[in-house]
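The file my_file14.cif comes next; it holds mmCIF, C-alpha atoms.
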```cif
data_query
loop_
_atom_site.group_PDB
_atom_site.id
_atom_site.type_symbol
_atom_site.label_atom_id
_atom_site.label_comp_id
_atom_site.auth_asym_id
_atom_site.auth_seq_id
_atom_site.Cartn_x
_atom_site.Cartn_y
_atom_site.Cartn_z
ATOM 1 C CA GLY A 1 49.926 -17.580 -69.767
ATOM 2 C CA GLY A 2 46.682 -19.536 -69.517
ATOM 3 C CA ALA A 3 43.251 -18.501 -70.770
ATOM 4 C CA VAL A 4 42.211 -14.916 -70.301
ATOM 5 C CA ALA A 5 38.752 -14.565 -68.804
ATOM 6 C CA ALA A 6 36.379 -12.350 -70.754
ATOM 7 C CA PRO A 7 35.971 -9.031 -68.981
ATOM 8 C CA ALA A 8 32.836 -8.919 -66.889
ATOM 9 C CA PRO A 9 30.123 -6.580 -68.128
ATOM 10 C CA PRO A 10 30.129 -3.295 -66.217
ATOM 11 C CA SER A 11 26.860 -4.249 -64.536
ATOM 12 C CA ALA A 12 28.310 -7.289 -62.742
ATOM 13 C CA PRO A 13 29.635 -5.513 -59.614
ATOM 14 C CA ALA A 14 26.458 -3.454 -59.441
ATOM 15 C CA ALA A 15 24.387 -6.624 -59.786
ATOM 16 C CA HIS A 16 26.326 -8.263 -56.973
ATOM 17 C CA GLY A 17 25.757 -5.167 -54.873
ATOM 18 C CA GLN A 18 22.031 -5.388 -55.559
ATOM 19 C CA LEU A 19 21.645 -9.076 -54.750
ATOM 20 C CA ARG A 20 23.728 -9.239 -51.579
ATOM 21 C CA PRO A 21 21.309 -7.137 -49.458
ATOM 22 C CA LEU A 22 18.473 -9.332 -50.659
ATOM 23 C CA ALA A 23 20.256 -12.464 -49.407
ATOM 24 C CA GLY A 24 21.128 -10.699 -46.150
ATOM 25 C CA LEU A 25 17.565 -9.615 -45.453
ATOM 26 C CA SER A 26 16.286 -13.101 -46.294
ATOM 27 C CA ALA A 27 18.702 -14.499 -43.702
ATOM 28 C CA ASP A 28 17.608 -11.896 -41.132
ATOM 29 C CA ARG A 29 14.009 -12.954 -41.715
ATOM 30 C CA LEU A 30 14.959 -16.602 -41.165
ATOM 31 C CA LEU A 31 16.758 -15.792 -37.917
ATOM 32 C CA VAL A 32 13.563 -14.128 -36.663
ATOM 33 C CA ALA A 33 11.738 -17.388 -37.487
ATOM 34 C CA ASP A 34 13.436 -18.808 -34.371
ATOM 35 C CA GLN A 35 11.439 -16.320 -32.306
ATOM 36 C CA VAL A 36 8.250 -17.182 -34.193
ATOM 37 C CA ALA A 37 8.818 -20.866 -33.418
ATOM 38 C CA ALA A 38 9.511 -20.076 -29.748
ATOM 39 C CA ALA A 39 6.346 -17.953 -29.585
ATOM 40 C CA LYS A 40 4.217 -20.770 -31.064
ATOM 41 C CA TRP A 41 5.908 -23.673 -29.246
ATOM 42 C CA GLY A 42 3.575 -25.324 -26.749
ATOM 43 C CA THR A 43 0.562 -23.305 -27.939
ATOM 44 C CA ASP A 44 -2.312 -24.024 -30.314
ATOM 45 C CA SER A 45 -0.786 -21.686 -32.934
ATOM 46 C CA PRO A 46 0.050 -23.813 -35.969
ATOM 47 C CA ILE A 47 3.230 -23.310 -37.989
ATOM 48 C CA ASP A 48 1.059 -23.062 -41.110
ATOM 49 C CA ASP A 49 -1.053 -19.916 -40.857
ATOM 50 C CA PRO A 50 -2.652 -19.310 -44.277
ATOM 51 C CA ALA A 51 -4.566 -16.209 -43.135
ATOM 52 C CA ARG A 52 -1.393 -14.532 -41.832
ATOM 53 C CA GLU A 53 0.514 -15.606 -44.954
ATOM 54 C CA GLN A 54 -2.102 -13.998 -47.195
ATOM 55 C CA GLN A 55 -1.929 -10.779 -45.144
ATOM 56 C CA VAL A 56 1.842 -10.689 -45.656
ATOM 57 C CA LEU A 57 1.543 -11.338 -49.403
ATOM 58 C CA ASP A 58 -1.131 -8.654 -49.824
ATOM 59 C CA ALA A 59 0.943 -6.167 -47.822
ATOM 60 C CA VAL A 60 4.167 -6.756 -49.762
ATOM 61 C CA ALA A 61 2.336 -6.537 -53.114
ATOM 62 C CA GLU A 62 0.997 -3.140 -52.043
ATOM 63 C CA GLN A 63 4.418 -2.012 -50.784
ATOM 64 C CA ALA A 64 6.007 -3.130 -54.069
ATOM 65 C CA ARG A 65 3.548 -0.928 -55.993
ATOM 66 C CA GLU A 66 4.414 1.995 -53.717
ATOM 67 C CA VAL A 67 8.170 1.689 -54.331
ATOM 68 C CA GLY A 68 7.837 1.026 -58.061
ATOM 69 C CA GLY A 69 8.652 -2.664 -57.806
ATOM 70 C CA ASP A 70 6.998 -5.635 -59.504
ATOM 71 C CA PRO A 71 4.149 -6.853 -57.244
ATOM 72 C CA GLY A 72 3.926 -10.270 -58.933
ATOM 73 C CA ALA A 73 7.635 -10.992 -58.587
ATOM 74 C CA THR A 74 7.617 -9.660 -55.022
ATOM 75 C CA VAL A 75 4.769 -12.005 -54.058
ATOM 76 C CA ARG A 76 6.547 -14.991 -55.669
ATOM 77 C CA ILE A 77 9.734 -14.214 -53.745
ATOM 78 C CA PHE A 78 7.794 -13.779 -50.491
ATOM 79 C CA ARG A 79 5.998 -17.102 -50.951
ATOM 80 C CA ASP A 80 9.466 -18.655 -50.869
ATOM 81 C CA GLN A 81 10.448 -16.534 -47.854
ATOM 82 C CA ILE A 82 7.391 -17.833 -45.992
ATOM 83 C CA GLU A 83 8.098 -21.464 -46.932
ATOM 84 C CA ALA A 84 11.716 -21.011 -45.816
ATOM 85 C CA SER A 85 10.546 -19.628 -42.475
ATOM 86 C CA LYS A 86 8.423 -22.760 -42.021
ATOM 87 C CA VAL A 87 11.477 -24.927 -42.800
ATOM 88 C CA VAL A 88 13.202 -23.248 -39.830
ATOM 89 C CA GLN A 89 10.165 -23.534 -37.543
ATOM 90 C CA ARG A 90 9.612 -27.225 -38.342
ATOM 91 C CA GLY A 91 13.318 -27.952 -37.921
ATOM 92 C CA LEU A 92 13.371 -26.285 -34.512
ATOM 93 C CA TYR A 93 10.211 -28.140 -33.445
ATOM 94 C CA ARG A 94 11.868 -31.455 -34.380
ATOM 95 C CA ARG A 95 14.996 -30.452 -32.436
ATOM 96 C CA TRP A 96 12.961 -29.449 -29.373
ATOM 97 C CA GLN A 97 10.807 -32.595 -29.491
ATOM 98 C CA ALA A 98 13.922 -34.774 -29.700
ATOM 99 C CA ASP A 99 15.657 -32.862 -26.906
ATOM 100 C CA PRO A 100 13.133 -31.111 -24.648
ATOM 101 C CA SER A 101 15.974 -29.532 -22.635
ATOM 102 C CA SER A 102 16.841 -27.479 -25.749
ATOM 103 C CA ALA A 103 13.289 -26.101 -26.056
ATOM 104 C CA PRO A 104 12.675 -22.433 -25.280
ATOM 105 C CA THR A 105 11.688 -21.679 -21.701
ATOM 106 C CA GLU A 106 10.347 -18.200 -22.462
ATOM 107 C CA ARG A 107 7.716 -17.316 -25.012
ATOM 108 C CA PRO A 108 8.359 -14.177 -27.082
ATOM 109 C CA ASP A 109 5.357 -11.981 -27.842
ATOM 110 C CA LEU A 110 4.289 -13.029 -31.345
ATOM 111 C CA GLY A 111 2.871 -9.564 -32.000
ATOM 112 C CA GLU A 112 6.245 -7.960 -31.296
ATOM 113 C CA VAL A 113 8.070 -10.577 -33.352
ATOM 114 C CA ARG A 114 5.729 -9.857 -36.267
ATOM 115 C CA LEU A 115 6.500 -6.133 -36.046
ATOM 116 C CA GLU A 116 10.153 -7.032 -36.570
ATOM 117 C CA ILE A 117 9.235 -9.327 -39.477
ATOM 118 C CA ASN A 118 7.139 -6.535 -41.014
ATOM 119 C CA ARG A 119 10.094 -4.154 -40.725
ATOM 120 C CA ILE A 120 12.387 -6.658 -42.497
ATOM 121 C CA ASN A 121 9.652 -7.309 -45.081
ATOM 122 C CA GLY A 122 9.546 -3.615 -45.936
ATOM 123 C CA GLU A 123 13.313 -3.502 -46.446
ATOM 124 C CA LEU A 124 13.159 -6.701 -48.488
ATOM 125 C CA VAL A 125 10.425 -5.290 -50.756
ATOM 126 C CA ARG A 126 12.680 -2.304 -51.444
ATOM 127 C CA ALA A 127 15.718 -4.548 -52.013
ATOM 128 C CA ILE A 128 13.724 -6.610 -54.528
ATOM 129 C CA ALA A 129 12.703 -3.439 -56.369
ATOM 130 C CA ASP A 130 16.285 -2.124 -56.298
ATOM 131 C CA ALA A 131 17.565 -5.409 -57.725
ATOM 132 C CA ALA A 132 15.210 -5.452 -60.731
ATOM 133 C CA ASP A 133 18.079 -5.319 -63.256
ATOM 134 C CA ALA A 134 20.271 -7.788 -61.368
ATOM 135 C CA ARG A 135 17.378 -10.257 -61.028
ATOM 136 C CA THR A 136 17.001 -10.574 -64.812
ATOM 137 C CA ALA A 137 20.740 -10.543 -65.652
ATOM 138 C CA PRO A 138 22.320 -13.820 -66.825
ATOM 139 C CA SER A 139 24.770 -13.469 -63.935
ATOM 140 C CA CYS A 140 21.965 -13.556 -61.346
ATOM 141 C CA PRO A 141 22.100 -17.226 -60.267
ATOM 142 C CA GLY A 142 25.853 -17.199 -59.707
ATOM 143 C CA LEU A 143 25.894 -13.850 -57.954
ATOM 144 C CA LEU A 144 22.905 -14.786 -55.800
ATOM 145 C CA LEU A 145 24.625 -18.012 -54.743
ATOM 146 C CA ALA A 146 27.790 -16.056 -53.915
ATOM 147 C CA GLY A 147 25.701 -13.577 -51.918
ATOM 148 C CA ALA A 148 23.930 -16.381 -50.065
ATOM 149 C CA LEU A 149 27.211 -18.121 -49.197
ATOM 150 C CA ALA A 150 28.779 -14.861 -48.018
ATOM 151 C CA THR A 151 25.652 -14.104 -45.969
ATOM 152 C CA GLY A 152 25.680 -17.564 -44.380
ATOM 153 C CA HIS A 153 29.293 -17.084 -43.366
ATOM 154 C CA GLU A 154 28.765 -13.515 -42.139
ATOM 155 C CA LYS A 155 25.717 -14.374 -40.043
ATOM 156 C CA ARG A 156 27.138 -17.758 -38.956
ATOM 157 C CA LEU A 157 24.065 -19.646 -40.129
ATOM 158 C CA ASP A 158 23.829 -23.239 -38.925
ATOM 159 C CA GLY A 159 22.806 -26.071 -41.249
ATOM 160 C CA LEU A 160 19.079 -25.585 -40.717
ATOM 161 C CA HIS A 161 19.200 -21.861 -41.499
ATOM 162 C CA ALA A 162 21.570 -22.356 -44.434
ATOM 163 C CA VAL A 163 19.181 -24.895 -45.975
ATOM 164 C CA ALA A 164 16.276 -22.543 -45.325
ATOM 165 C CA LEU A 165 18.148 -19.679 -47.022
ATOM 166 C CA THR A 166 18.435 -21.748 -50.211
ATOM 167 C CA ARG A 167 14.657 -22.330 -49.925
ATOM 168 C CA ALA A 168 14.083 -18.571 -49.564
ATOM 169 C CA LEU A 169 15.778 -17.564 -52.809
ATOM 170 C CA PRO A 170 14.697 -19.664 -55.846
ATOM 171 C CA SER A 171 12.309 -17.009 -57.224
ATOM 172 C CA VAL A 172 14.799 -14.135 -56.986
ATOM 173 C CA CYS A 173 16.439 -14.688 -60.387
ATOM 174 C CA GLU A 174 14.231 -14.384 -63.438
ATOM 175 C CA THR A 175 16.703 -15.406 -66.103
ATOM 176 C CA ALA A 176 15.638 -17.052 -69.336
ATOM 177 C CA PRO A 177 16.563 -20.775 -69.293
#
```

If you convert what's in this file into structure tokens, what do you get?
Amino acid sequence: GGAVAAPAPPSAPAAHGQLRPLAGLSADRLLVADQVAAAKWGTDSPIDDPAREQQVLDAVAEQAREVGGDPGATVRIFRDQIEASKVVQRGLYRRWQADPSSAPTERPDLGEVRLEINRINGELVRAIADAADARTAPSCPGLLLAGALATGHEKRLDGLHAVALTRALPSVCETAP
């Protein structure tokens, strides 16, 4: 026979369904960071851009209020998203410095890239609001990890982007220790 696992609470599949899009959108945002890095590479634009970061945080807090989400939690999660994006940008810069032949030869328009980031941000704000119950459930850390692993596989993330995805997600779960 073997031990019988306790039945999962009815919310578990729903929680998984709520957290998976959040991991997916975080990964999408990190993949766009490649274009941000390419746009900044060889220019005076620094990877750290506190003014732009504050604009993003203010915008997502406002969007969270509009969709009935938690602005504070949304800002905390987006701080991690921004740090994760910088992990990708710095990693790519190191790669390109070590092997200049791998560096981008064309520079994307940063304004256009940011429009794409803003679009993903809007979807992510909504996903965070939709996942309010899942984010506070005891099952959150495990389900989020499962969602992140599935996302990494689905989107074929390399090591750099997989590491960055783990950096993007620590504030998602708000479970009591």

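Nearest-residue note for Arg107 of chain A: choosing from A:Arg20, A:Arg79, A:Arg94, A:Lys40, the minimum distance belongs to A:Lys40, counting all atoms listed in the file.
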
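If you look at atom CA of Ala168 of chain A and atom CA of Asn118 of chain A, they are 16.3 Å away from each other.
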
If you count all atoms listed in the file, which residues fall within 9 Å of Gln81 of chain A, apart from same-chain ones fewer than 4 positions away, as number ranges by chain? A: 26, 29-30, 76-77, 85-86, 164-165, 167-169

From the set A:Gly42, A:Pro21, A:Gly69, A:Gly152, which residue has the shortest atom-to-atom contact distance to Pro104 of chain A, counting only C-alpha atoms?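 So, comparing all the options, the nearest one is A:Gly42.
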
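Counting from atom CA of Gly142 of chain A, the distance to atom CA of Gly24 of chain A is 15.8 Å.
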
From the list A:Val56, A:Cys140, A:Ala39, A:Ala51, which residue is nearest Ser171 of chain A when using all atoms listed in the file?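 Of A:Val56, A:Cys140, A:Ala39, A:Ala51, the one nearest Ser171 of chain A, counting all atoms listed in the file, is A:Cys140.
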
Which is closest to Arg95 of chain A among A:Ala131, A:Trp41, A:Leu144, A:Asp109, if we use only C-alpha atoms?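 When distances to Arg95 of chain A are compared using only C-alpha atoms, the smallest one comes from A:Trp41.
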